[in-house]
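Student: Got a structure here, written out as C-alpha cells. Questions coming.
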Amino acid sequence: MTMQDEEKKRHEIVEFRYGIIAELANPHLGRGELQQRIRQKAELTYDIPHSSKDRITESCIKDWLKRFRKYGKQGLIPKQRSDRGKSRVMSDEEVHVLCEYLLAHPQVTATAAYAKLLKEGKIHTQLSSSSLSRIIVSQGIDEQRSEQKGVEEVRKFGFFAPLECIQADCLHGPQVSDGTGRMRKAILIVFLDDATRRMLYSEFSFSEHSLVFEKGLKHILKTHGKLYRVYVDQGSTFVSLQTQRILDILKVHLVHSRPRRPQGRGKVERLMRTIRDGFLRPLEIDTVRSLEDLNMRLHTWVETEYHRSAHRGLAGKKTPLDAWLEKASYVHPLDPTIDLDRVFYHEISRKVFNDSTITVSNTLYEVSSVLIGKTVRISYDPHQPMNRMLVSYDGRSYGEARLVDTYANSRMRRDITKTSAAEAAEETAGSHIAAGLAASRIRQPGGTR
C-alpha cells in the first residue's frame, strides 16, 4: 500500500469515527442522556471502513469520545502497531537476506527468490504467500525494484503492407436473445489490419472459445490472402494449442502481448472505443431480435461508416477502405495447394482398445483391427458434428472412424475356427438336444414331424 493509500485510509476512518461521536461531544448533554445515546449507537449496525465488523461497543465509543475531547480529530487517527513494518514470523536477519537478494535480482519474483533462499538454507522460516507479500510491501521493495528496472521504453510501431500484421481482440457487448427465450451476452471478436486499419472480420457470438478465433482466421485466409503475423493478448480465446499448431503449419507468427501491458495494443484498443461510441451506444438494443440481427447491423455500420470515414492514424487522413485499395497489390494469395479446411482440423491422440474401438467425447468409435493396442491420431472438423473423423498412424491413413453399432456387430458371421472352447461345447450340447427331440417325435419350431 502506497503512502497516498495509507493517508486515504486514515482519513476515511477518522471521518467515520467523528460521525459517530460528533453529537456526543455536545457539552450540554446530561450524564444520563449521554449514556443512553451511547447505548443506542452501540445497538446499531454500521458499514465500518476497512473493517469486517459491523458493530461498535459502548467502551469503544467512550474511548473515541475521550480522545476527541482531549486531542480533537487527531485523537481519532487509528493507532499504529509498534512493530509495524516488521515481520512477526521471520527474523530481521532473514528479512534482510531476502530484501538484499530481491534488490540484487530485480527480474526475479519474490516467490522464486524466497524458494531459492529456502532451498539454499539462507532462510529457514516457512511463510505463506500472504505473509511473504506483507513483508515485501512493508519493506518498500517493489518501489525500489521498479526504480532499478527504470521506465520501459515504448515506441510507436506500424506496418506498411496489408496483412503484414493483424491485431485481434474481444469486446463484451449487450444481452441478446439466443432464440430459446434466454438473454445471453453477445461477445464481439474483431480482426484489424495494422497497416490500413481495415476491419477484416467482425462477428458477435455467445462464446469466447478459441474456435471463434480460428473461424475468423480461416475467413481472412480464404477471402483476403496470406497472413504473416497475428498480434493478440493473453486471453483464453488466443492461447489454444490447437490454434498454435494450425498457425505453425501455415507459417503465421502468433505474437502475444505481455500481461497487463496495453501500450503496444493501442490501435485495436482505440478501435474498440470507436465501436462502443459509434455503434453500441446509439444502438437501440430493445429492437435487436437475435444475434444474426445484431451482426447484420454491425456489418452495415462497418461498411457504410467505419470503412468510409477518415482515420487520423492514416497518412493524409485516408479512409481504411482507400488505404486498403491503395496497397492491394501487396496482398499475396494463399498457396492453392493448401487444403485450408483440412489444415483447420483439430487433432487428438487415442489408444485403440482390444475390441478395435476408441473413445472420443464419451462416444465409442470403431477403427481398423490392425491398430489394436496402438496410439492413433484422430483428425476432425471442430465446427461440425463429430461423425467424420480421420484416423492415421505413423504417417499412414487408415480411413475414418465409425460409430460403433453393437446390434450390427452381434449379427456379424465369425469363423468357427476362432470360436472359443466354451462356444464349441455349447454347440455340441445343442446338437444332442436336437437329436433327443427328433427321437421323441416332438415338433421343433420351423421343422417337421
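Residue numbers start at 1 in each chain; chains themselves are named A, B, ... in the order of the C-alpha cells; ligands are numbered from 1 in the order shown.
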Write out as a PyMOL selection string the set of residues from range 211-283 of chain A that DSSP, computed on the backbone, places in helix (DSSP H, G or I).

Tutor: chain A and resi 211-223+236-238+241-250+262-280

Student: Please dump the current selection as a tab-separated table (two decimals), in the first residue's frame; keep N, CA and C atoms.

Tutor:
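Here's the written file out-v1.tsv:
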```tsv
chain	number	residue	atom	x	y	z
A	211	LEU	N	-12.37	-21.48	-30.88
A	211	LEU	CA	-12.96	-21.79	-32.18
A	211	LEU	C	-13.45	-20.52	-32.87
A	212	VAL	N	-13.87	-19.52	-32.11
A	212	VAL	CA	-14.31	-18.25	-32.68
A	212	VAL	C	-13.12	-17.55	-33.34
A	213	PHE	N	-11.98	-17.60	-32.68
A	213	PHE	CA	-10.74	-17.02	-33.22
A	213	PHE	C	-10.32	-17.75	-34.49
A	214	GLU	N	-10.38	-19.08	-34.47
A	214	GLU	CA	-9.99	-19.87	-35.64
A	214	GLU	C	-10.93	-19.61	-36.82
A	215	LYS	N	-12.21	-19.43	-36.54
A	215	LYS	CA	-13.17	-19.14	-37.60
A	215	LYS	C	-12.82	-17.83	-38.30
A	216	GLY	N	-12.46	-16.82	-37.52
A	216	GLY	CA	-12.06	-15.54	-38.11
A	216	GLY	C	-10.80	-15.65	-38.93
A	217	LEU	N	-9.81	-16.37	-38.43
A	217	LEU	CA	-8.56	-16.57	-39.17
A	217	LEU	C	-8.81	-17.27	-40.51
A	218	LYS	N	-9.63	-18.30	-40.46
A	218	LYS	CA	-9.93	-19.06	-41.68
A	218	LYS	C	-10.65	-18.18	-42.70
A	219	HIS	N	-11.56	-17.35	-42.23
A	219	HIS	CA	-12.28	-16.45	-43.13
A	219	HIS	C	-11.31	-15.48	-43.82
A	220	ILE	N	-10.39	-14.91	-43.06
A	220	ILE	CA	-9.44	-13.94	-43.62
A	220	ILE	C	-8.52	-14.61	-44.63
A	221	LEU	N	-8.04	-15.80	-44.32
A	221	LEU	CA	-7.16	-16.53	-45.25
A	221	LEU	C	-7.88	-16.88	-46.54
A	222	LYS	N	-9.14	-17.23	-46.45
A	222	LYS	CA	-9.90	-17.61	-47.64
A	222	LYS	C	-10.28	-16.42	-48.51
A	223	THR	N	-10.67	-15.32	-47.86
A	223	THR	CA	-11.21	-14.19	-48.61
A	223	THR	C	-10.18	-13.13	-48.96
A	236	SER	N	-8.02	-16.16	-23.02
A	236	SER	CA	-8.23	-17.58	-23.27
A	236	SER	C	-8.59	-17.86	-24.72
A	237	THR	N	-9.16	-16.88	-25.43
A	237	THR	CA	-9.54	-17.06	-26.83
A	237	THR	C	-8.32	-17.30	-27.70
A	238	PHE	N	-7.15	-16.79	-27.28
A	238	PHE	CA	-5.99	-16.74	-28.17
A	238	PHE	C	-4.83	-17.64	-27.74
A	241	LEU	N	-3.61	-24.49	-27.85
A	241	LEU	CA	-2.52	-25.22	-28.50
A	241	LEU	C	-2.92	-25.67	-29.90
A	242	GLN	N	-4.21	-25.96	-30.10
A	242	GLN	CA	-4.68	-26.34	-31.43
A	242	GLN	C	-4.51	-25.18	-32.41
A	243	THR	N	-4.85	-23.96	-31.96
A	243	THR	CA	-4.68	-22.79	-32.81
A	243	THR	C	-3.22	-22.56	-33.14
A	244	GLN	N	-2.36	-22.72	-32.13
A	244	GLN	CA	-0.93	-22.54	-32.35
A	244	GLN	C	-0.40	-23.54	-33.37
A	245	ARG	N	-0.88	-24.80	-33.30
A	245	ARG	CA	-0.44	-25.82	-34.24
A	245	ARG	C	-0.88	-25.47	-35.67
A	246	ILE	N	-2.11	-24.98	-35.81
A	246	ILE	CA	-2.63	-24.61	-37.13
A	246	ILE	C	-1.80	-23.48	-37.74
A	247	LEU	N	-1.51	-22.45	-36.93
A	247	LEU	CA	-0.74	-21.32	-37.43
A	247	LEU	C	0.70	-21.70	-37.74
A	248	ASP	N	1.24	-22.66	-36.99
A	248	ASP	CA	2.60	-23.14	-37.29
A	248	ASP	C	2.64	-23.82	-38.66
A	249	ILE	N	1.58	-24.58	-38.98
A	249	ILE	CA	1.52	-25.23	-40.29
A	249	ILE	C	1.48	-24.19	-41.40
A	250	LEU	N	0.72	-23.12	-41.18
A	250	LEU	CA	0.58	-22.06	-42.18
A	250	LEU	C	1.73	-21.06	-42.15
A	262	PRO	N	-0.92	-2.80	-21.96
A	262	PRO	CA	-1.74	-2.48	-23.12
A	262	PRO	C	-1.10	-1.47	-24.07
A	263	GLN	N	0.12	-0.96	-23.74
A	263	GLN	CA	0.70	0.10	-24.55
A	263	GLN	C	0.89	-0.30	-26.01
A	264	GLY	N	1.26	-1.56	-26.27
A	264	GLY	CA	1.51	-1.98	-27.64
A	264	GLY	C	0.27	-2.33	-28.42
A	265	ARG	N	-0.90	-2.22	-27.78
A	265	ARG	CA	-2.15	-2.62	-28.42
A	265	ARG	C	-3.10	-1.43	-28.58
A	266	GLY	N	-2.50	-0.25	-28.73
A	266	GLY	CA	-3.29	0.96	-28.79
A	266	GLY	C	-4.25	1.02	-29.96
A	267	LYS	N	-3.88	0.45	-31.11
A	267	LYS	CA	-4.73	0.56	-32.31
A	267	LYS	C	-6.02	-0.22	-32.14
A	268	VAL	N	-5.91	-1.46	-31.68
A	268	VAL	CA	-7.12	-2.26	-31.52
A	268	VAL	C	-7.94	-1.77	-30.31
A	269	GLU	N	-7.27	-1.24	-29.29
A	269	GLU	CA	-8.00	-0.68	-28.15
A	269	GLU	C	-8.78	0.56	-28.59
A	270	ARG	N	-8.16	1.36	-29.45
A	270	ARG	CA	-8.86	2.55	-29.96
A	270	ARG	C	-10.04	2.14	-30.84
A	271	LEU	N	-9.87	1.06	-31.60
A	271	LEU	CA	-10.98	0.56	-32.42
A	271	LEU	C	-12.15	0.14	-31.54
A	272	MET	N	-11.86	-0.54	-30.43
A	272	MET	CA	-12.93	-0.97	-29.54
A	272	MET	C	-13.69	0.23	-28.98
A	273	ARG	N	-12.99	1.31	-28.70
A	273	ARG	CA	-13.66	2.51	-28.21
A	273	ARG	C	-14.55	3.11	-29.30
A	274	THR	N	-14.06	3.06	-30.55
A	274	THR	CA	-14.86	3.56	-31.66
A	274	THR	C	-16.13	2.73	-31.83
A	275	ILE	N	-16.03	1.41	-31.66
A	275	ILE	CA	-17.19	0.54	-31.79
A	275	ILE	C	-18.20	0.84	-30.68
A	276	ARG	N	-17.70	1.04	-29.46
A	276	ARG	CA	-18.60	1.36	-28.35
A	276	ARG	C	-19.34	2.68	-28.61
A	277	ASP	N	-18.56	3.71	-28.99
A	277	ASP	CA	-19.15	5.04	-29.14
A	277	ASP	C	-19.96	5.18	-30.43
A	278	GLY	N	-19.48	4.56	-31.51
A	278	GLY	CA	-20.12	4.77	-32.79
A	278	GLY	C	-21.22	3.77	-33.13
A	279	PHE	N	-21.13	2.56	-32.53
A	279	PHE	CA	-22.12	1.53	-32.87
A	279	PHE	C	-22.99	1.12	-31.68
A	280	LEU	N	-22.37	0.75	-30.56
A	280	LEU	CA	-23.14	0.19	-29.45
A	280	LEU	C	-23.96	1.24	-28.71
```

Student: Hey, what's within 8 Å of Leu390 in chain A if we count only C-alpha atoms and toss same-chain stuff fewer than 3 positions away? As a PDB file with C-alpha atoms, in the first residue's frame, please?

Tutor:
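As a result, out38.pdb now contains:
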```
ATOM      1  CA  ILE A 378      -7.638 -38.545 -34.835  1.00  0.00           C
ATOM      2  CA  SER A 379      -8.392 -35.524 -37.044  1.00  0.00           C
ATOM      3  CA  TYR A 380     -11.805 -33.857 -37.153  1.00  0.00           C
ATOM      4  CA  SER A 397      -4.043 -43.020 -43.263  1.00  0.00           C
ATOM      5  CA  TYR A 398      -6.431 -45.714 -42.011  1.00  0.00           C
ATOM      6  CA  GLY A 399      -9.694 -44.248 -43.227  1.00  0.00           C
ATOM      7  CA  GLU A 400     -12.456 -42.977 -40.993  1.00  0.00           C
ATOM      8  CA  ALA A 401     -13.542 -43.944 -37.505  1.00  0.00           C
TER       9      ALA A 401
END
```

Student: Can you list, as an NGL selection string, every protein, DNA or RNA residue that comes within 9 Å of range 60-66 of chain A when you count only C-alpha atoms, leaving out same-chain residues fewer than 6 positions away?

Tutor: :A and (17-18 or 20-22 or 24-25 or 38 or 41-42 or 75-76)

Student: Mind writing the picked residues with C-alpha atoms as a CSV table (one decimal), in the first residue's frame?

Tutor:
```csv
chain,number,residue,atom,x,y,z
A,17,ARG,CA,-15.3,7.9,14.0
A,18,TYR,CA,-16.1,11.6,14.1
A,20,ILE,CA,-20.2,8.6,15.4
A,21,ILE,CA,-19.2,10.8,18.3
A,22,ALA,CA,-19.8,14.3,17.0
A,24,LEU,CA,-21.9,13.1,21.8
A,25,ALA,CA,-19.3,15.8,22.3
A,38,ILE,CA,-24.0,5.8,23.5
A,41,LYS,CA,-25.4,3.8,18.9
A,42,ALA,CA,-23.9,0.5,20.2
A,75,GLY,CA,-7.1,11.7,18.6
A,76,LEU,CA,-9.3,9.7,16.3
```

Student: Which is closer to Thr180 in chain A than all the others in A:Ser290, A:Thr375, A:Gln36, A:Asp335, using only C-alpha atoms?

Tutor: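 The closest residue to Thr180 in chain A is A:Ser290.
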
Student: Which residues, written as a short mmCIF file (atom, residue, chain, number, x, y, z; two decimals) with N, CA and C atoms, in the first residue's frame, have at least one atom at most 12 Å from Leu44 in chain A, with only C-alpha atoms counted and residues fewer than 3 positions away on the same chain left out?

Tutor:
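Contents of the output file around.cif:
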```cif
data_model
loop_
_atom_site.label_atom_id
_atom_site.label_comp_id
_atom_site.auth_asym_id
_atom_site.auth_seq_id
_atom_site.Cartn_x
_atom_site.Cartn_y
_atom_site.Cartn_z
N ILE A 20 -19.60 9.31 14.34
CA ILE A 20 -20.24 8.58 15.44
C ILE A 20 -20.31 9.43 16.70
N ARG A 37 -27.58 7.67 24.70
CA ARG A 37 -27.24 7.80 23.27
C ARG A 37 -26.09 6.86 22.89
N ILE A 38 -25.13 6.70 23.78
CA ILE A 38 -24.02 5.78 23.52
C ILE A 38 -24.56 4.36 23.39
N ARG A 39 -25.51 4.00 24.29
CA ARG A 39 -26.10 2.67 24.25
C ARG A 39 -26.88 2.46 22.95
N GLN A 40 -27.60 3.47 22.50
CA GLN A 40 -28.36 3.38 21.26
C GLN A 40 -27.44 3.19 20.05
N LYS A 41 -26.32 3.91 20.03
CA LYS A 41 -25.38 3.78 18.92
C LYS A 41 -24.72 2.40 18.90
N ASP A 47 -21.52 0.26 8.36
CA ASP A 47 -20.57 -0.13 7.32
C ASP A 47 -19.24 0.52 7.67
N ILE A 48 -18.46 -0.18 8.49
CA ILE A 48 -17.23 0.39 9.04
C ILE A 48 -16.13 0.30 7.99
N LYS A 53 -16.04 -5.84 10.75
CA LYS A 53 -17.06 -5.76 11.79
C LYS A 53 -18.16 -4.78 11.36
N ASP A 54 -19.34 -4.94 11.97
CA ASP A 54 -20.45 -4.03 11.67
C ASP A 54 -21.07 -3.43 12.93
N ARG A 55 -20.45 -3.67 14.08
CA ARG A 55 -20.94 -3.10 15.34
C ARG A 55 -19.80 -2.44 16.11
N ILE A 56 -20.17 -1.50 16.97
CA ILE A 56 -19.19 -0.80 17.80
C ILE A 56 -19.63 -0.93 19.26
N THR A 57 -18.73 -1.30 20.13
CA THR A 57 -19.07 -1.47 21.54
C THR A 57 -19.17 -0.11 22.24
N GLU A 58 -19.86 -0.10 23.38
CA GLU A 58 -20.00 1.14 24.16
C GLU A 58 -18.64 1.63 24.62
#
```

Student: Contacts between range 323-334 of chain A and range 158-256 of chain A, please, where a residue of range 158-256 of chain A counts if it comes within 12 Å (with only C-alpha atoms); show its shortest atom pair and distance in Å to one decimal, rows by chain and ascending number, as a Markdown table.

Tutor:
```
| residue | atom | partner | partner_atom | distance |
| --- | --- | --- | --- | --- |
| A:Phe159 | CA | A:Lys327 | CA | 11.8 |
| A:Phe160 | CA | A:Lys327 | CA | 8.6 |
| A:Ala161 | CA | A:Tyr330 | CA | 6.0 |
| A:Pro162 | CA | A:Val331 | CA | 6.2 |
| A:Leu163 | CA | A:Val331 | CA | 7.0 |
| A:Glu164 | CA | A:Val331 | CA | 8.8 |
| A:Cys165 | CA | A:Val331 | CA | 11.8 |
| A:Leu192 | CA | A:Trp324 | CA | 11.8 |
| A:Asp193 | CA | A:Trp324 | CA | 9.1 |
| A:Asp194 | CA | A:Trp324 | CA | 10.7 |
| A:Ala195 | CA | A:Ala323 | CA | 8.2 |
| A:Thr196 | CA | A:Ala323 | CA | 5.3 |
| A:Arg197 | CA | A:Ala323 | CA | 8.1 |
| A:Arg198 | CA | A:Trp324 | CA | 7.0 |
| A:Met199 | CA | A:Trp324 | CA | 10.4 |
| A:Leu200 | CA | A:Trp324 | CA | 10.5 |
| A:Lys218 | CA | A:Leu334 | CA | 11.3 |
| A:Ile220 | CA | A:Leu334 | CA | 10.5 |
| A:Leu221 | CA | A:Leu334 | CA | 7.0 |
| A:Lys222 | CA | A:Leu334 | CA | 7.8 |
| A:Thr223 | CA | A:Pro333 | CA | 9.2 |
| A:His224 | CA | A:Pro333 | CA | 7.2 |
| A:Gly225 | CA | A:Pro333 | CA | 4.3 |
| A:Lys226 | CA | A:Leu334 | CA | 4.9 |
| A:Leu227 | CA | A:Leu334 | CA | 8.5 |
| A:Tyr228 | CA | A:His332 | CA | 10.4 |
| A:Leu250 | CA | A:Leu334 | CA | 9.5 |
| A:Lys251 | CA | A:Leu334 | CA | 11.5 |
| A:Val252 | CA | A:Leu334 | CA | 11.8 |
```

Student: Just to be explicit: take each residue in the selection above, keep N, CA and C atoms, and write the result as a short mmCIF file (atom, residue, chain, number, x, y, z; two decimals), in the first residue's frame.

Tutor:
```cif
data_model
loop_
_atom_site.label_atom_id
_atom_site.label_comp_id
_atom_site.auth_asym_id
_atom_site.auth_seq_id
_atom_site.Cartn_x
_atom_site.Cartn_y
_atom_site.Cartn_z
N PHE A 159 3.03 -1.08 -39.62
CA PHE A 159 3.42 -1.92 -40.74
C PHE A 159 2.96 -1.26 -42.04
N PHE A 160 3.64 -1.59 -43.13
CA PHE A 160 3.36 -0.94 -44.40
C PHE A 160 2.31 -1.66 -45.22
N ALA A 161 2.45 -2.99 -45.36
CA ALA A 161 1.61 -3.74 -46.29
C ALA A 161 0.40 -4.34 -45.60
N PRO A 162 -0.72 -4.47 -46.29
CA PRO A 162 -1.89 -5.17 -45.73
C PRO A 162 -1.55 -6.61 -45.40
N LEU A 163 -2.13 -7.11 -44.33
CA LEU A 163 -1.97 -8.49 -43.85
C LEU A 163 -0.57 -8.78 -43.34
N GLU A 164 0.29 -7.77 -43.29
CA GLU A 164 1.62 -7.97 -42.72
C GLU A 164 1.52 -8.22 -41.23
N CYS A 165 0.55 -7.56 -40.61
CA CYS A 165 0.25 -7.79 -39.19
C CYS A 165 -1.22 -7.45 -38.96
N LEU A 192 -8.24 -6.52 -36.93
CA LEU A 192 -7.89 -5.21 -37.50
C LEU A 192 -6.58 -5.31 -38.26
N ASP A 193 -6.57 -4.85 -39.51
CA ASP A 193 -5.32 -4.80 -40.27
C ASP A 193 -4.51 -3.60 -39.79
N ASP A 194 -3.27 -3.85 -39.37
CA ASP A 194 -2.45 -2.80 -38.76
C ASP A 194 -2.12 -1.70 -39.76
N ALA A 195 -1.83 -2.04 -41.01
CA ALA A 195 -1.36 -1.06 -41.98
C ALA A 195 -2.46 -0.14 -42.48
N THR A 196 -3.67 -0.66 -42.63
CA THR A 196 -4.75 0.11 -43.25
C THR A 196 -5.91 0.42 -42.31
N ARG A 197 -5.93 -0.16 -41.12
CA ARG A 197 -7.00 -0.02 -40.13
C ARG A 197 -8.32 -0.60 -40.63
N ARG A 198 -8.26 -1.46 -41.65
CA ARG A 198 -9.48 -2.07 -42.12
C ARG A 198 -9.89 -3.21 -41.19
N MET A 199 -11.18 -3.32 -40.90
CA MET A 199 -11.68 -4.45 -40.12
C MET A 199 -11.86 -5.63 -41.06
N LEU A 200 -11.00 -6.63 -40.93
CA LEU A 200 -11.03 -7.78 -41.83
C LEU A 200 -12.11 -8.78 -41.46
N LYS A 218 -9.63 -18.30 -40.46
CA LYS A 218 -9.93 -19.06 -41.68
C LYS A 218 -10.65 -18.18 -42.70
N ILE A 220 -10.39 -14.91 -43.06
CA ILE A 220 -9.44 -13.94 -43.62
C ILE A 220 -8.52 -14.61 -44.63
N LEU A 221 -8.04 -15.80 -44.32
CA LEU A 221 -7.16 -16.53 -45.25
C LEU A 221 -7.88 -16.88 -46.54
N LYS A 222 -9.14 -17.23 -46.45
CA LYS A 222 -9.90 -17.61 -47.64
C LYS A 222 -10.28 -16.42 -48.51
N THR A 223 -10.67 -15.32 -47.86
CA THR A 223 -11.21 -14.19 -48.61
C THR A 223 -10.18 -13.13 -48.96
N HIS A 224 -9.06 -13.07 -48.23
CA HIS A 224 -8.09 -12.00 -48.48
C HIS A 224 -6.74 -12.53 -48.96
N GLY A 225 -6.13 -13.41 -48.21
CA GLY A 225 -4.84 -13.93 -48.65
C GLY A 225 -3.95 -14.33 -47.49
N LYS A 226 -2.67 -14.40 -47.78
CA LYS A 226 -1.69 -14.92 -46.83
C LYS A 226 -1.45 -13.94 -45.69
N LEU A 227 -1.45 -14.46 -44.46
CA LEU A 227 -1.13 -13.68 -43.27
C LEU A 227 0.32 -13.91 -42.89
N TYR A 228 0.90 -12.91 -42.19
CA TYR A 228 2.29 -13.05 -41.77
C TYR A 228 2.43 -13.10 -40.25
N LEU A 250 0.72 -23.12 -41.18
CA LEU A 250 0.58 -22.06 -42.18
C LEU A 250 1.73 -21.06 -42.15
N LYS A 251 2.65 -21.23 -41.20
CA LYS A 251 3.80 -20.34 -41.04
C LYS A 251 3.36 -18.91 -40.75
N VAL A 252 2.34 -18.79 -39.91
CA VAL A 252 1.87 -17.50 -39.44
C VAL A 252 2.36 -17.32 -38.01
#
```

Student: Using only C-alpha atoms, determine which residues lie at most 7 Å from Ser177 in chain A, disregarding the query and same-chain residues fewer than 3 positions distant; provide the list as a VMD selection string.

Tutor: chain A and resid 181 to 184 289 to 290

Student: If we count only C-alpha atoms and set the cut-off at 10 Å, which residues sit around Ile285 in chain A, ignoring sequence neighbours fewer than 5 positions away in its own chain? Please answer as a list in words.

Tutor: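 That gives Pro174, Gln175, Val176, Leu280 and Leu294 of chain A.
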
Student: Residues of the last selection are to be written out with C-alpha atoms, as a JSON list (two decimals), in the first residue's frame.

Tutor:
```
[["chain", "number", "residue", "atom", "x", "y", "z"],
["A", 174, "PRO", "CA", -25.14, -6.28, -24.91],
["A", 175, "GLN", "CA", -27.56, -9.00, -23.84],
["A", 176, "VAL", "CA", -29.29, -10.61, -26.84],
["A", 280, "LEU", "CA", -23.14, 0.19, -29.45],
["A", 294, "LEU", "CA", -27.07, -7.72, -34.32]]
```

Student: For a quick check of understanding, using only C-alpha atoms, which of A:Thr125, A:Thr363, A:Thr337, A:Gln74 has the smallest distance to Glu94 in chain A?

Tutor: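 Among A:Thr125, A:Thr363, A:Thr337, A:Gln74, it is A:Thr125 that comes nearest to Glu94 in chain A.
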
Student: Env of Glu15 in chain A: 10 Å cut, atoms = only C-alpha atoms, seq-sep filter 6 positions within chain, self excluded. Answer as a PDB file with C-alpha atoms, in the first residue's frame.

Tutor:
```pdb
ATOM      1  CA  PRO A  49     -14.466   1.388   6.580  1.00  0.00           C
ATOM      2  CA  LYS A  73      -9.728  14.900  15.382  1.00  0.00           C
ATOM      3  CA  LEU A  76      -9.333   9.699  16.252  1.00  0.00           C
ATOM      4  CA  ILE A  77      -6.445   8.634  13.987  1.00  0.00           C
TER       5      ILE A  77
END
```

Student: Which residue, A:Lys122, A:Arg312, A:Lys374, A:His253, has the smallest gap to Asp394 in chain A when you use only C-alpha atoms?

Tutor: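 Once distances to Asp394 in chain A are computed over only C-alpha atoms, the minimum belongs to A:Lys374.
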
Student: If DSSP is run on the backbone, what residues of range 295-387 of chain A are strand (DSSP E or B)? A reply as a PDB file with N, CA and C atoms, in the first residue's frame would be ideal.

Tutor:
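Ended up saving to selection_7.pdb:
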```pdb
ATOM      1  N   HIS A 346      -8.852 -30.207 -36.052  1.00  0.00           N
ATOM      2  CA  HIS A 346      -8.193 -30.422 -34.770  1.00  0.00           C
ATOM      3  C   HIS A 346      -7.674 -31.854 -34.716  1.00  0.00           C
ATOM      4  N   GLU A 347      -6.655 -32.065 -33.915  1.00  0.00           N
ATOM      5  CA  GLU A 347      -6.049 -33.398 -33.802  1.00  0.00           C
ATOM      6  C   GLU A 347      -5.944 -33.806 -32.340  1.00  0.00           C
ATOM      7  N   ILE A 348      -6.274 -35.066 -32.081  1.00  0.00           N
ATOM      8  CA  ILE A 348      -6.136 -35.647 -30.745  1.00  0.00           C
ATOM      9  C   ILE A 348      -5.553 -37.048 -30.882  1.00  0.00           C
ATOM     10  N   SER A 349      -5.038 -37.581 -29.795  1.00  0.00           N
ATOM     11  CA  SER A 349      -4.467 -38.935 -29.793  1.00  0.00           C
ATOM     12  C   SER A 349      -5.337 -39.847 -28.929  1.00  0.00           C
ATOM     13  N   ARG A 350      -5.522 -41.068 -29.390  1.00  0.00           N
ATOM     14  CA  ARG A 350      -6.288 -42.058 -28.639  1.00  0.00           C
ATOM     15  C   ARG A 350      -5.646 -43.435 -28.809  1.00  0.00           C
ATOM     16  N   LYS A 351      -5.712 -44.252 -27.729  1.00  0.00           N
ATOM     17  CA  LYS A 351      -5.230 -45.622 -27.803  1.00  0.00           C
ATOM     18  C   LYS A 351      -6.377 -46.547 -28.183  1.00  0.00           C
ATOM     19  N   THR A 357     -11.870 -50.359 -30.735  1.00  0.00           N
ATOM     20  CA  THR A 357     -12.616 -49.124 -30.518  1.00  0.00           C
ATOM     21  C   THR A 357     -11.760 -48.072 -29.828  1.00  0.00           C
ATOM     22  N   ILE A 358     -12.181 -46.833 -29.981  1.00  0.00           N
ATOM     23  CA  ILE A 358     -11.590 -45.699 -29.274  1.00  0.00           C
ATOM     24  C   ILE A 358     -12.744 -44.892 -28.675  1.00  0.00           C
ATOM     25  N   THR A 359     -12.435 -44.075 -27.692  1.00  0.00           N
ATOM     26  CA  THR A 359     -13.447 -43.236 -27.057  1.00  0.00           C
ATOM     27  C   THR A 359     -13.118 -41.775 -27.299  1.00  0.00           C
ATOM     28  N   VAL A 360     -14.079 -41.052 -27.859  1.00  0.00           N
ATOM     29  CA  VAL A 360     -13.941 -39.614 -28.086  1.00  0.00           C
ATOM     30  C   VAL A 360     -15.214 -38.940 -27.582  1.00  0.00           C
ATOM     31  N   THR A 363     -18.006 -41.200 -26.475  1.00  0.00           N
ATOM     32  CA  THR A 363     -18.671 -41.959 -27.534  1.00  0.00           C
ATOM     33  C   THR A 363     -17.695 -42.966 -28.120  1.00  0.00           C
ATOM     34  N   LEU A 364     -18.181 -44.189 -28.358  1.00  0.00           N
ATOM     35  CA  LEU A 364     -17.325 -45.244 -28.910  1.00  0.00           C
ATOM     36  C   LEU A 364     -17.304 -45.166 -30.432  1.00  0.00           C
ATOM     37  N   TYR A 365     -16.086 -45.259 -30.978  1.00  0.00           N
ATOM     38  CA  TYR A 365     -15.899 -45.322 -32.423  1.00  0.00           C
ATOM     39  C   TYR A 365     -15.061 -46.554 -32.747  1.00  0.00           C
ATOM     40  N   GLU A 366     -15.252 -47.100 -33.929  1.00  0.00           N
ATOM     41  CA  GLU A 366     -14.571 -48.317 -34.349  1.00  0.00           C
ATOM     42  C   GLU A 366     -13.550 -47.979 -35.432  1.00  0.00           C
ATOM     43  N   THR A 375      -1.460 -46.242 -30.446  1.00  0.00           N
ATOM     44  CA  THR A 375      -1.962 -44.891 -30.207  1.00  0.00           C
ATOM     45  C   THR A 375      -2.066 -44.179 -31.546  1.00  0.00           C
ATOM     46  N   VAL A 376      -3.290 -43.881 -31.949  1.00  0.00           N
ATOM     47  CA  VAL A 376      -3.533 -43.325 -33.275  1.00  0.00           C
ATOM     48  C   VAL A 376      -3.822 -41.828 -33.177  1.00  0.00           C
ATOM     49  N   ARG A 377      -3.766 -41.187 -34.335  1.00  0.00           N
ATOM     50  CA  ARG A 377      -4.042 -39.754 -34.436  1.00  0.00           C
ATOM     51  C   ARG A 377      -5.429 -39.567 -35.043  1.00  0.00           C
ATOM     52  N   ILE A 378      -6.284 -38.798 -34.371  1.00  0.00           N
ATOM     53  CA  ILE A 378      -7.638 -38.545 -34.835  1.00  0.00           C
ATOM     54  C   ILE A 378      -7.738 -37.089 -35.277  1.00  0.00           C
ATOM     55  N   SER A 379      -8.206 -36.877 -36.517  1.00  0.00           N
ATOM     56  CA  SER A 379      -8.392 -35.524 -37.044  1.00  0.00           C
ATOM     57  C   SER A 379      -9.870 -35.305 -37.330  1.00  0.00           C
ATOM     58  N   TYR A 380     -10.373 -34.119 -36.963  1.00  0.00           N
ATOM     59  CA  TYR A 380     -11.805 -33.857 -37.153  1.00  0.00           C
ATOM     60  C   TYR A 380     -12.042 -32.358 -37.269  1.00  0.00           C
TER      61      TYR A 380
END
```
